[in-house]
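This report concerns only the one structure given below.
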Amino acid sequence: MMSRRAERAWVRRSVMGLVAAAGLATPAMAQLVPQGAVLVEQNSYPLDGMGQGANSMVGSITVDYSVLASAFPGPLGGFVNVAYLPGGIQSPSSAVWLVHNLPIFGPGLEPMLAGASGYNAPSITTQFNLSPLPGAVAGVPLAVAQNVAVYYSPGPQETLNWVTQPGAIARNWNVSPLDRGIGGTGRNGDVKGLQPPPPLGPLPAGPAQNLLWLFAYRPDHPNQQAAHNQCAPMAISNVFTWMATNVGLPVLHPHNIGLEGTAPNYTPDASLVSTVGSLMKRFRVTRANGSGIWPIQGAMAYLTRHDMAHVVSISHRLNGAADRISGDPYTVNAVAMSGANDYNSPDTGMMSKGAGAAYSTTWLKDRLQDGSGLAMDWGPAQHYVSVVGAGFLNRRAFVLHVSDAMQTNVDPMDNKGCDRFDFDYVNEATNQLIQTAKPADQFLSFSMVSPQNLPIRCSTGNPIAIPNGSGSTVCGATAAAELVIPDDFKIGLVRPSFYITHTFQGDLRVTLTKVGGPSVVLVNRPGVSASPPFGFSADNLGASAANRFRSSNTRLFNFANYTTYNSPGVAAPGTNNVTGDWKPEQTLAAFVGQSAKGTWRLEVQDCATLNTGSIVSFCLEFATLSGGPLPCRANCDASTVPPVLNVNDFQCFLNSFNASLALPVAQQITAYANCDASTTSPVLNVNDFACFINLFSAGCTAP
């Protein structure tokens, strides 16, 4: 479940109904905004720190909530409008609208929330066109803007008539410089950054929406300062960190600034952004220089390598690219994506569900409310940000996203703009972000799914003796317990568990192998590094066949103490009959995306003399790559009409059993009718019928 604080929504209301519910009789009277409440800035767009795009014709206006609240007692909430009045003349015919209905989210606009405001950022920012102001010339600093009226009202303004009201007087406003390093994708070393933007377009008429007022907002969304052209990994890192705090995504890396290093290894530092960025094949040696590509492949790679592919469902909307094809580190050969189609990653085996090719504010709002993490690209392919709000204001669609005002090393503290949220009205028909003056190009949504109650399969048979080693370093022959998985599905998670009796844990090396596929070391002579030459002297890995030692790549199962069973995380002499979930010595992500079908082996070696032991129990738990349940084996006829499980499944199983009797033994082992996964002759026997009855009784939660 998501944080309750993130579940903020507005409901259908007319303008006057909303204002009346807030205790505000009319929005008509002009209210002069104090100058300390508004910061007006002239944007620069530095490219690679060379100053290109400096002093553009795009401005930013930021409204400070605390100053505004002190000037207007009562519930804060309404709209700020800004107009240029030539010569100070208060006339709608001569006025130029600069900022059109910038919302001030607060209790005054949220009467249905019993006075509580979902929006808790210190300010709100939007972009506007500076060119109507006197002295505004591209490339030249605009020091002072004359005759600008800034007006606050509890309701939106649909005409410029407000400039004739007494409070809408013009004053001088200082214009400060602002570097907005909203860099874009760099390809093979060419331009790394956004070109100076085009003039801002007018606000279009609102679409004929049934919903007049609707708003979903995500408070307390993290935002770290990106290095130059690090917007995509930072947007994904912001999203994953929010999910870690609010919906339990088991992120292992700290969310702070970081650098990825250079090709060919793209070695990350310890930060989340550098780890994600390195998997996007981005590189940056300094905070002012970098190159990059589309983010979805890097996000998928991070989830896969850290065993979270099974607990995250990804969807995409609009178009964009799929980052890269396998083996291509840049986007010159990028695979095109469309929200009309699913995308299957060739590198990770993960899938992103196509959620639609058209812009949809309702879809964004629903994702914010169901606890999904959201990232957005605009450009196309020019800037990635995290989405924190979306909805309708008097039928006009809008989106809120975290600011990324600086991306170079000219910000010594790496914090400029990190507390800002940028506001855009949206033309849904054209995907255009009005104030940013760019079309939205792609949305990525990341949603949690539950990994609990994973189906489990265990090997059967007598304990398997582990041949003894010699000396302190020579391993004996490998003992192996085998488990056959008959079902063919893509692995999202595999969680091996076992019970090994042995009177000296430090002797043991334990490996999980899929025959014909990868091998992963789970336990490797625990304690030898701290207590040479033999390691931990404690007994047994696991306490019984029912209470086993488990290996998992994710701290979902052991959040507080996620470490390998080894020194230095575990003190000598180890723990007798140790159980619980432990990080494997090598990552289990090697199995993600592969088919589970086939023979699996738990391979154990004794690498020292004297002490001996046996493999008593070996089990595997799986989750599918999509995060959904495993195939329901009791539903033999694959019916989809309720009741899914019925008498036809028994007849289907009997038919399968009879047909499989004619198969060679090797094929009987992997046949559907071999319900108990036995490997000894006769493979097909009465136990399979008892197994099927148990599966049927358990319903479709069993494998």
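Residues are named by chain letter and number: chains run A, B, ... in the order of the structure tokens, numbers start at 1 in each chain, and ligands are numbered from 1 in the order shown.
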
Mind the document's chain letters and residue numbers, and return as a PyMOL selection string the residues of range 338-501 of chain A that DSSP labels strand (DSSP E or B). chain A and resi 343-344+351-354+373-378+383-393+396-402+421-427+432-433+438-448+456-458+464-466+470+474+479-485+490-501

If you count only C-alpha atoms, the residue of A:Val494, A:Ala244, A:Ala121, A:Val239 closest to Cys418 in chain A turns out to be A:Ala121

Which residues come within 8 Å of Thr241 in chain A, counting only C-alpha atoms, excluding same-chain residues fewer than 3 positions away, as a PyMOL selection string? chain A and resi 222+237-238+244-245+251+255

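Residues within 7 Å of Gly389 in chain A, counting only C-alpha atoms and excluding same-chain residues fewer than 6 positions away, are Ala216, Tyr217, Arg218, Val399, Leu400 and His401 of chain A.
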
Next, dump the selected residues to file, keeping only N, CA, C and O atoms, as a tab-separated table (two decimals), in the first residue's frame.
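File written: part.tsv
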chain	number	residue	atom	x	y	z
A	216	ALA	N	-4.34	14.97	-8.30
A	216	ALA	CA	-3.60	13.99	-7.50
A	216	ALA	C	-2.18	14.50	-7.33
A	216	ALA	O	-1.55	14.94	-8.30
A	217	TYR	N	-1.68	14.44	-6.13
A	217	TYR	CA	-0.38	15.04	-5.82
A	217	TYR	C	0.41	14.11	-4.90
A	217	TYR	O	-0.14	13.44	-4.04
A	218	ARG	N	1.72	14.09	-5.10
A	218	ARG	CA	2.61	13.24	-4.32
A	218	ARG	C	3.52	14.13	-3.47
A	218	ARG	O	4.48	14.71	-3.99
A	399	VAL	N	0.23	19.23	-15.47
A	399	VAL	CA	1.16	18.28	-14.89
A	399	VAL	C	2.17	19.05	-14.05
A	399	VAL	O	2.56	20.17	-14.39
A	400	LEU	N	2.57	18.45	-12.92
A	400	LEU	CA	3.61	18.99	-12.05
A	400	LEU	C	4.80	18.05	-12.08
A	400	LEU	O	4.64	16.83	-11.99
A	401	HIS	N	6.01	18.60	-12.18
A	401	HIS	CA	7.20	17.76	-12.19
A	401	HIS	C	8.30	18.42	-11.39
A	401	HIS	O	8.33	19.64	-11.24

Select, from A:Asn658, A:Ser447, A:Ser531, A:Asn431, the residue with the minimum atom-to-atom distance to Leu249 in chain A, counting only C-alpha atoms. A:Ser447

Two-atom distance - CA of Tyr151 in chain A, CA of Lys365 in chain A (Å): 28.8 Å

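Considering only C-alpha atoms, the residue among A:Trp600, A:Tyr565, A:Phe536, A:Phe696 positioned nearest to Lys583 in chain A is A:Tyr565.
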
List the spatial neighbours of range 302-306 of chain A as a ChimeraX atom specification - criterion: any atom at most 12 Å away, only C-alpha atoms, same-chain residues fewer than 3 positions off excluded. /A:233,236-237,240,249-253,272-280,295-299,309-314,345,347-351,446,448,491-494,552-556,583-584,586-594,625-626

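Proximity of A:Pro486, A:Pro132, A:Gly391, A:Gly574 to Phe215 in chain A, computed with only C-alpha atoms, is greatest for A:Gly391.
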
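For the choices A:Leu85, A:Met57, A:Cys607, A:Pro177, the atom-to-atom distance to Gly135 in chain A is smallest for A:Met57 when using only C-alpha atoms.
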
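You will find CA of Leu663 in chain A at 26.6 Å from CA of Leu620 in chain A.
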
Using only C-alpha atoms, determine which residues lie at most 6 Å from Trp378 in chain A, disregarding the query and same-chain residues fewer than 6 positions distant; provide the list as a PyMOL selection string. chain A and resi 439-441

Keeping N, CA and C atoms for every residue in the selection just given, could you write it to a file as an mmCIF file, in the first residue's frame?
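The file below, part01.cif, is the result:
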data_model
loop_
_atom_site.group_PDB
_atom_site.id
_atom_site.type_symbol
_atom_site.label_atom_id
_atom_site.label_comp_id
_atom_site.auth_asym_id
_atom_site.auth_seq_id
_atom_site.Cartn_x
_atom_site.Cartn_y
_atom_site.Cartn_z
ATOM 1 N N PRO A 439 6.746 19.129 -26.414
ATOM 2 C CA PRO A 439 5.776 18.040 -26.298
ATOM 3 C C PRO A 439 6.275 16.968 -25.330
ATOM 4 N N ALA A 440 5.358 16.415 -24.557
ATOM 5 C CA ALA A 440 5.693 15.226 -23.782
ATOM 6 C C ALA A 440 5.929 14.078 -24.749
ATOM 7 N N ASP A 441 6.997 13.327 -24.522
ATOM 8 C CA ASP A 441 7.406 12.308 -25.485
ATOM 9 C C ASP A 441 7.227 10.893 -24.948
#

Show me, as number ranges by chain, the residues that have an atom within 6 Å of Gly139 in chain A when counting only C-alpha atoms, minus same-chain residues fewer than 3 positions from it. A: 54-56

Print the selection's residues with N, CA and C atoms to a file, as a tab-separated table (two decimals), in the first residue's frame.
chain	number	residue	atom	x	y	z
A	54	ALA	N	22.61	31.20	-23.45
A	54	ALA	CA	22.56	32.07	-22.28
A	54	ALA	C	21.57	33.20	-22.50
A	55	ASN	N	20.92	33.63	-21.40
A	55	ASN	CA	20.00	34.77	-21.42
A	55	ASN	C	18.95	34.63	-22.52
A	56	SER	N	18.16	33.58	-22.41
A	56	SER	CA	17.16	33.28	-23.42
A	56	SER	C	15.95	34.17	-23.25

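Across A:Pro573, A:Ser617, A:Gly371, A:Asp606, the tightest approach to Gly471 in chain A is made by A:Asp606 when counting only C-alpha atoms.
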
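CA of Gly118 in chain A is found 29.3 Å from CA of Ala168 in chain A.
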